[in-house]
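Everything below belongs to run.txt, which stores compact mmCIF, C-alpha atoms and all ligand atoms.
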# COMPACT_ATOMS: atom_id res chain seq x y z
CA MET A 1 108.62 -113.20 -6.96
CA SER A 2 111.87 -111.31 -7.53
CA ALA A 3 114.19 -110.39 -4.65
CA PRO A 4 113.87 -106.92 -3.13
CA SER A 5 116.08 -104.42 -4.95
CA PRO A 6 119.45 -103.36 -3.49
CA ALA A 7 117.96 -99.90 -2.97
CA SER A 8 115.05 -101.13 -0.91
CA ARG A 9 117.40 -103.18 1.27
CA LEU A 10 120.27 -100.72 1.73
CA ARG A 11 118.31 -97.45 1.88
CA PRO A 12 120.74 -95.11 0.12
CA LEU A 13 120.47 -91.39 0.84
CA LEU A 14 119.08 -90.26 -2.52
CA PRO A 15 118.96 -87.73 -3.94
CA SER A 16 122.22 -86.87 -2.21
CA PRO A 17 122.39 -83.44 -0.59
CA VAL A 18 123.95 -80.42 -2.26
CA GLN A 19 126.10 -78.33 0.05
CA ARG A 20 127.46 -74.85 -0.50
CA ALA A 21 131.22 -74.57 0.00
CA GLU A 22 132.55 -71.20 1.08
CA ASP A 23 135.68 -70.43 -0.90
CA GLU A 24 136.99 -66.92 -1.37
CA ARG A 25 138.77 -67.83 -4.59
CA PHE A 26 135.44 -68.68 -6.23
CA ALA A 27 133.38 -65.98 -4.49
CA ARG A 28 135.78 -63.31 -5.75
CA HIS A 29 134.72 -64.19 -9.29
CA GLY A 30 131.03 -64.40 -8.52
CA VAL A 31 131.05 -68.21 -8.73
CA THR A 32 129.13 -70.32 -6.24
CA LEU A 33 130.80 -73.64 -5.47
CA LEU A 34 128.44 -76.49 -4.61
CA LEU A 35 129.41 -79.96 -3.45
CA LYS A 36 127.18 -82.84 -4.47
CA ARG A 37 127.59 -85.04 -1.40
CA ASP A 38 127.43 -88.45 -3.06
CA ASP A 39 129.87 -89.58 -0.37
CA LEU A 40 126.85 -89.64 1.97
CA ILE A 41 124.79 -92.03 -0.19
CA HIS A 42 125.80 -95.07 1.83
CA PRO A 43 128.59 -95.57 4.39
CA ASP A 44 129.91 -98.72 2.68
CA LEU A 45 129.02 -97.94 -0.94
CA PRO A 46 129.72 -94.25 -1.19
CA GLY A 47 129.48 -91.91 -4.11
CA ASN A 48 129.38 -92.96 -7.69
CA LYS A 49 130.05 -96.54 -6.55
CA TRP A 50 126.45 -96.88 -5.43
CA ARG A 51 125.10 -95.34 -8.61
CA LYS A 52 127.11 -97.70 -10.81
CA LEU A 53 126.71 -100.85 -8.75
CA ALA A 54 123.01 -100.74 -7.91
CA PRO A 55 121.76 -101.51 -11.44
CA ASN A 56 124.44 -104.19 -11.87
CA LEU A 57 123.49 -105.87 -8.61
CA ALA A 58 119.86 -105.87 -9.65
CA ALA A 59 120.90 -107.58 -12.90
CA ALA A 60 123.00 -110.12 -10.97
CA ALA A 61 119.89 -111.03 -8.95
CA GLY A 62 121.89 -112.73 -6.21
CA ARG A 63 124.37 -114.57 -8.44
CA PRO A 64 128.04 -114.14 -7.48
CA VAL A 65 129.62 -110.96 -8.83
CA LEU A 66 133.08 -111.12 -10.39
CA THR A 67 134.79 -107.83 -11.02
CA PHE A 68 138.17 -106.15 -11.52
CA GLY A 69 140.34 -103.51 -9.91
CA GLY A 70 143.72 -102.30 -8.76
CA ALA A 71 145.18 -102.72 -5.29
CA TYR A 72 143.40 -99.60 -3.98
CA SER A 73 140.18 -99.89 -5.94
CA ASN A 74 137.19 -98.24 -4.26
CA HIS A 75 135.02 -100.19 -6.66
CA LEU A 76 136.32 -103.52 -5.32
CA ARG A 77 135.68 -102.33 -1.78
CA ALA A 78 132.14 -101.25 -2.57
CA THR A 79 131.41 -104.55 -4.35
CA ALA A 80 132.76 -106.56 -1.42
CA ALA A 81 130.70 -104.52 1.04
CA ALA A 82 127.56 -105.01 -1.06
CA GLY A 83 128.21 -108.74 -1.08
CA ARG A 84 128.43 -108.81 2.69
CA LEU A 85 125.35 -106.62 3.19
CA LEU A 86 123.15 -108.31 0.59
CA GLY A 87 124.48 -111.86 0.93
CA PHE A 88 126.01 -112.75 -2.43
CA ARG A 89 129.49 -114.04 -3.25
CA THR A 90 132.09 -111.65 -4.66
CA ILE A 91 135.30 -112.34 -6.56
CA GLY A 92 137.81 -109.55 -7.09
CA VAL A 93 140.35 -109.93 -9.89
CA VAL A 94 143.25 -107.75 -8.76
CA ARG A 95 145.94 -106.24 -10.99
CA GLY A 96 149.43 -107.33 -9.91
CA ASP A 97 150.38 -110.93 -9.19
CA GLU A 98 153.27 -109.73 -7.00
CA LEU A 99 150.62 -108.71 -4.44
CA ALA A 100 149.64 -112.31 -3.83
CA HIS A 101 152.77 -112.87 -1.75
CA ARG A 102 152.58 -109.73 0.37
CA PRO A 103 150.43 -108.75 3.30
CA LEU A 104 147.17 -107.24 2.04
CA ASN A 105 147.02 -103.45 2.02
CA PRO A 106 144.19 -101.93 4.11
CA SER A 107 141.93 -101.65 1.06
CA LEU A 108 142.28 -105.29 -0.01
CA ALA A 109 142.18 -106.43 3.62
CA ARG A 110 138.76 -104.77 3.90
CA CYS A 111 137.63 -106.59 0.74
CA ALA A 112 138.80 -109.91 2.17
CA ALA A 113 137.14 -109.19 5.53
CA ASP A 114 133.90 -108.57 3.64
CA GLY A 115 134.24 -112.04 2.15
CA MET A 116 135.58 -111.15 -1.28
CA ARG A 117 137.66 -113.85 -2.89
CA LEU A 118 140.80 -112.16 -4.24
CA HIS A 119 142.29 -113.47 -7.47
CA PHE A 120 145.62 -111.85 -8.38
CA VAL A 121 146.69 -111.69 -12.01
CA ASP A 122 149.77 -110.31 -13.73
CA ARG A 123 149.50 -107.04 -15.61
CA ALA A 124 149.37 -108.62 -19.08
CA THR A 125 146.46 -110.85 -18.03
CA TYR A 126 144.76 -107.88 -16.39
CA ARG A 127 145.01 -105.86 -19.60
CA ALA A 128 143.46 -108.80 -21.46
CA LYS A 129 140.60 -109.16 -18.99
CA ALA A 130 137.90 -108.54 -21.60
CA ASP A 131 139.38 -111.27 -23.78
CA PRO A 132 136.86 -114.14 -24.09
CA ALA A 133 139.57 -116.71 -23.30
CA VAL A 134 140.65 -114.90 -20.12
CA LEU A 135 137.03 -114.50 -19.02
CA ALA A 136 136.27 -118.12 -19.78
CA GLY A 137 139.18 -119.17 -17.56
CA LEU A 138 137.85 -117.08 -14.68
CA LEU A 139 134.31 -118.38 -15.07
CA GLU A 140 135.62 -121.92 -15.17
CA ALA A 141 137.37 -121.32 -11.85
CA TYR A 142 134.48 -119.53 -10.12
CA GLY A 143 131.34 -120.81 -11.83
CA ASP A 144 128.40 -118.81 -13.09
CA CYS A 145 128.96 -115.14 -12.18
CA GLU A 146 127.74 -111.72 -13.14
CA VAL A 147 130.86 -110.16 -14.67
CA VAL A 148 131.11 -106.44 -13.95
CA PRO A 149 133.94 -104.50 -15.62
CA GLU A 150 136.64 -102.48 -13.87
CA GLY A 151 135.22 -99.51 -11.98
CA GLY A 152 131.76 -101.03 -12.44
CA SER A 153 131.59 -98.97 -15.61
CA ASN A 154 129.24 -100.44 -18.19
CA ALA A 155 125.97 -99.47 -19.85
CA LEU A 156 123.94 -100.25 -16.73
CA ALA A 157 126.30 -98.10 -14.66
CA ALA A 158 125.93 -95.20 -17.07
CA ARG A 159 122.17 -95.47 -16.65
CA GLY A 160 122.63 -95.41 -12.86
CA CYS A 161 124.84 -92.32 -13.11
CA ALA A 162 122.29 -90.55 -15.30
CA ALA A 163 120.32 -89.97 -12.10
CA LEU A 164 123.17 -87.74 -10.96
CA GLY A 165 122.59 -85.49 -13.96
CA ARG A 166 118.86 -85.40 -13.27
CA GLU A 167 119.49 -84.47 -9.63
CA LEU A 168 121.72 -81.58 -10.75
CA ARG A 169 119.34 -80.26 -13.37
CA GLY A 170 118.65 -76.58 -12.73
CA VAL A 171 121.05 -76.60 -9.75
CA ALA A 172 124.39 -75.95 -11.44
CA ASP A 173 125.63 -74.52 -14.72
CA VAL A 174 128.83 -76.55 -14.76
CA ALA A 175 129.60 -79.89 -13.12
CA ALA A 176 133.10 -81.21 -12.44
CA VAL A 177 133.63 -84.90 -11.76
CA ALA A 178 136.66 -86.92 -10.66
CA CYS A 179 137.48 -89.36 -13.39
CA GLY A 180 138.89 -92.87 -13.25
CA THR A 181 137.35 -95.23 -15.80
CA GLY A 182 135.11 -92.34 -16.93
CA GLY A 183 131.94 -94.30 -16.24
CA THR A 184 130.44 -91.55 -14.12
CA LEU A 185 131.30 -88.84 -16.64
C1 LIG A 201 135.68 -94.60 -8.49
C2 LIG A 201 136.15 -93.26 -8.20
C3 LIG A 201 136.38 -92.34 -9.22
C4 LIG A 201 136.26 -92.68 -10.70
O1 LIG A 201 134.97 -92.97 -11.16
P1 LIG A 201 134.81 -93.46 -12.68
O2 LIG A 201 133.33 -93.60 -12.89
O3 LIG A 201 135.53 -94.78 -12.77
O4 LIG A 201 135.44 -92.43 -13.57
C5 LIG A 201 136.78 -91.06 -8.87
N1 LIG A 201 136.96 -90.71 -7.57
C6 LIG A 201 136.76 -91.58 -6.56
C7 LIG A 201 136.97 -91.14 -5.15
C8 LIG A 201 136.35 -92.88 -6.85
O5 LIG A 201 136.16 -93.76 -5.84
Would you put the structure from the file into structure tokens?
Ligand SMILES: *Cc1c(COP(=O)(O)O)cnc(C)c1O
Amino acid sequence: MSAPSPASRLRPLLPSPVQRAEDERFARHGVTLLLKRDDLIHPDLPGNKWRKLAPNLAAAAGRPVLTFGGAYSNHLRATAAAGRLLGFRTIGVVRGDELAHRPLNPSLARCAADGMRLHFVDRATYRAKADPAVLAGLLEAYGDCEVVPEGGSNALAARGCAALGRELRGVADVAAVACGTGGTL
């Protein structure tokens, strides 16, 4: 039997609520501004992070998850929190080897407190993270892992985010989305 899905164990608030924001600058032009409150999906895996991670965690099926991010990556934090909540190992490959010798910032400290193993790499190595040789080196160090790209943005993530579009169907004419890796877009 397969393990229960992340969704059945973490009970995300889905579909996330839509909230009307009162803003004179929009109202003046006859535009209604709605906020899609994905930040309420889960306290530790908020927003698009849940939508992108959930299908990747299902694919990982309990194997350790190795992923990538900058020093303030919300994706690393969400992955670390998922690891703590669901009981799988997490490895975060962090951009900037200079960080290895400094106190952890609050974001990385949270990752570490959630049990994430932090692996700092220099910027050139980080840029080459999709390189088979770089990946092979990481997998040699950490063993068999599910490798999830920066921002969690891959084909599975895009499928997870498609639910956002379905939830907004018929609700809004135009949607605006904050963009990092572009996975959610
Ligand atoms: C992750 C994140 C983004 C970027 O999402 P992408 O799918 O990588 O474009 C934007 N805003 C916030 C607050 C985020 O945490």
Top pick for closest residue to Val18 in chain A, considering A:Asn48, A:Leu164, A:Gly137, A:Gly69 and counting only C-alpha atoms: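 Looking only at the distances to Val18 in chain A, the closest residue turns out to be A:Leu164.
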Compile the contact shell of Leu35 in chain A as a list in words: residues with an atom at most 10 Å away, counting all atoms listed in the file, same-chain residues fewer than 6 positions apart removed.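 The filter keeps Pro17, Val18, Gln19, Arg20, Ala21, Ala175 and Ala176 of chain A.
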Write out as a PyMOL selection string which residues come within 6 Å of range 80-90 of chain A when counting all atoms listed in the file, dropping same-chain ones fewer than 6 positions away. chain A and resi 62+64-66+111+114+116
Please, what distance in Å, to one decimal, runs between CA of Ser73 in chain A and CA of Pro55 in chain A?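 Between CA of Ser73 in chain A and CA of Pro55 in chain A the gap works out to 19.3 Å.
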Residues within 8 Å of ligand LIG 201 (chain A), counting only C-alpha atoms and all ligand atoms, as a ChimeraX atom specification: /A:46-49,52,73-75,150-153,177-185
Find the residues near Pro106 in chain A: any atom within 12 Å, counting all atoms listed in the file, skip ones fewer than 2 places away on the same chain, and give them as a list in words.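 Listed by chain and then number, they are Ala71, Tyr72, Ser73, Asn74, Arg77, Pro103, Leu104, Leu108, Ala109, Arg110, Cys111, Ala112 and Ala113 of chain A.
Here CA of Asp122 in chain A and CA of Phe68 in chain A stand 12.5 Å from one another.
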Of A:Thr32, A:Ser5, A:Ser16, A:Asn56, the one sitting nearest Gly160 in chain A when using only C-alpha atoms is A:Asn56
Taking all atoms listed in the file into account, which of A:Asp39, A:Glu140, A:Glu146, A:Glu167 comes nearest Thr79 in chain A? A:Glu146
How many Å separate CA of His42 in chain A from CA of Val174 in chain A? 25.0 Å
Generate a file for range 156-167 of chain A, containing N, CA, C and O atoms, as a PDB file, in the first residue's frame.
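Done, and the output landed in selection35.pdb:
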ATOM      1  N   LEU A 156       5.964  18.812 -12.566  1.00  0.00           N
ATOM      2  CA  LEU A 156       4.993  18.425 -11.536  1.00  0.00           C
ATOM      3  C   LEU A 156       4.438  19.657 -10.839  1.00  0.00           C
ATOM      4  O   LEU A 156       3.244  19.760 -10.555  1.00  0.00           O
ATOM      5  N   ALA A 157       5.341  20.626 -10.559  1.00  0.00           N
ATOM      6  CA  ALA A 157       4.919  21.857  -9.884  1.00  0.00           C
ATOM      7  C   ALA A 157       3.917  22.617 -10.739  1.00  0.00           C
ATOM      8  O   ALA A 157       2.915  23.147 -10.237  1.00  0.00           O
ATOM      9  N   ALA A 158       4.188  22.672 -12.038  1.00  0.00           N
ATOM     10  CA  ALA A 158       3.281  23.392 -12.935  1.00  0.00           C
ATOM     11  C   ALA A 158       1.898  22.747 -12.894  1.00  0.00           C
ATOM     12  O   ALA A 158       0.871  23.432 -12.909  1.00  0.00           O
ATOM     13  N   ARG A 159       1.888  21.410 -12.812  1.00  0.00           N
ATOM     14  CA  ARG A 159       0.597  20.728 -12.714  1.00  0.00           C
ATOM     15  C   ARG A 159      -0.106  21.097 -11.404  1.00  0.00           C
ATOM     16  O   ARG A 159      -1.309  21.308 -11.363  1.00  0.00           O
ATOM     17  N   GLY A 160       0.676  21.183 -10.307  1.00  0.00           N
ATOM     18  CA  GLY A 160       0.100  21.584  -9.022  1.00  0.00           C
ATOM     19  C   GLY A 160      -0.479  22.988  -9.091  1.00  0.00           C
ATOM     20  O   GLY A 160      -1.547  23.265  -8.550  1.00  0.00           O
ATOM     21  N   CYS A 161       0.240  23.888  -9.767  1.00  0.00           N
ATOM     22  CA  CYS A 161      -0.204  25.286  -9.858  1.00  0.00           C
ATOM     23  C   CYS A 161      -1.396  25.435 -10.795  1.00  0.00           C
ATOM     24  O   CYS A 161      -2.116  26.444 -10.722  1.00  0.00           O
ATOM     25  N   ALA A 162      -1.618  24.473 -11.665  1.00  0.00           N
ATOM     26  CA  ALA A 162      -2.761  24.570 -12.573  1.00  0.00           C
ATOM     27  C   ALA A 162      -4.061  24.615 -11.778  1.00  0.00           C
ATOM     28  O   ALA A 162      -5.053  25.202 -12.225  1.00  0.00           O
ATOM     29  N   ALA A 163      -4.054  24.034 -10.589  1.00  0.00           N
ATOM     30  CA  ALA A 163      -5.246  24.087  -9.739  1.00  0.00           C
ATOM     31  C   ALA A 163      -5.607  25.527  -9.393  1.00  0.00           C
ATOM     32  O   ALA A 163      -6.781  25.864  -9.246  1.00  0.00           O
ATOM     33  N   LEU A 164      -4.576  26.371  -9.272  1.00  0.00           N
ATOM     34  CA  LEU A 164      -4.825  27.783  -8.978  1.00  0.00           C
ATOM     35  C   LEU A 164      -5.653  28.409 -10.096  1.00  0.00           C
ATOM     36  O   LEU A 164      -6.612  29.147  -9.847  1.00  0.00           O
ATOM     37  N   GLY A 165      -5.305  28.112 -11.322  1.00  0.00           N
ATOM     38  CA  GLY A 165      -6.068  28.628 -12.454  1.00  0.00           C
ATOM     39  C   GLY A 165      -7.496  28.111 -12.433  1.00  0.00           C
ATOM     40  O   GLY A 165      -8.441  28.869 -12.687  1.00  0.00           O
ATOM     41  N   ARG A 166      -7.659  26.830 -12.106  1.00  0.00           N
ATOM     42  CA  ARG A 166      -9.024  26.276 -12.059  1.00  0.00           C
ATOM     43  C   ARG A 166      -9.844  26.946 -10.963  1.00  0.00           C
ATOM     44  O   ARG A 166     -11.017  27.247 -11.147  1.00  0.00           O
ATOM     45  N   GLU A 167      -9.191  27.220  -9.810  1.00  0.00           N
ATOM     46  CA  GLU A 167      -9.915  27.865  -8.711  1.00  0.00           C
ATOM     47  C   GLU A 167     -10.333  29.287  -9.070  1.00  0.00           C
ATOM     48  O   GLU A 167     -11.292  29.813  -8.507  1.00  0.00           O
TER      49      GLU A 167
END
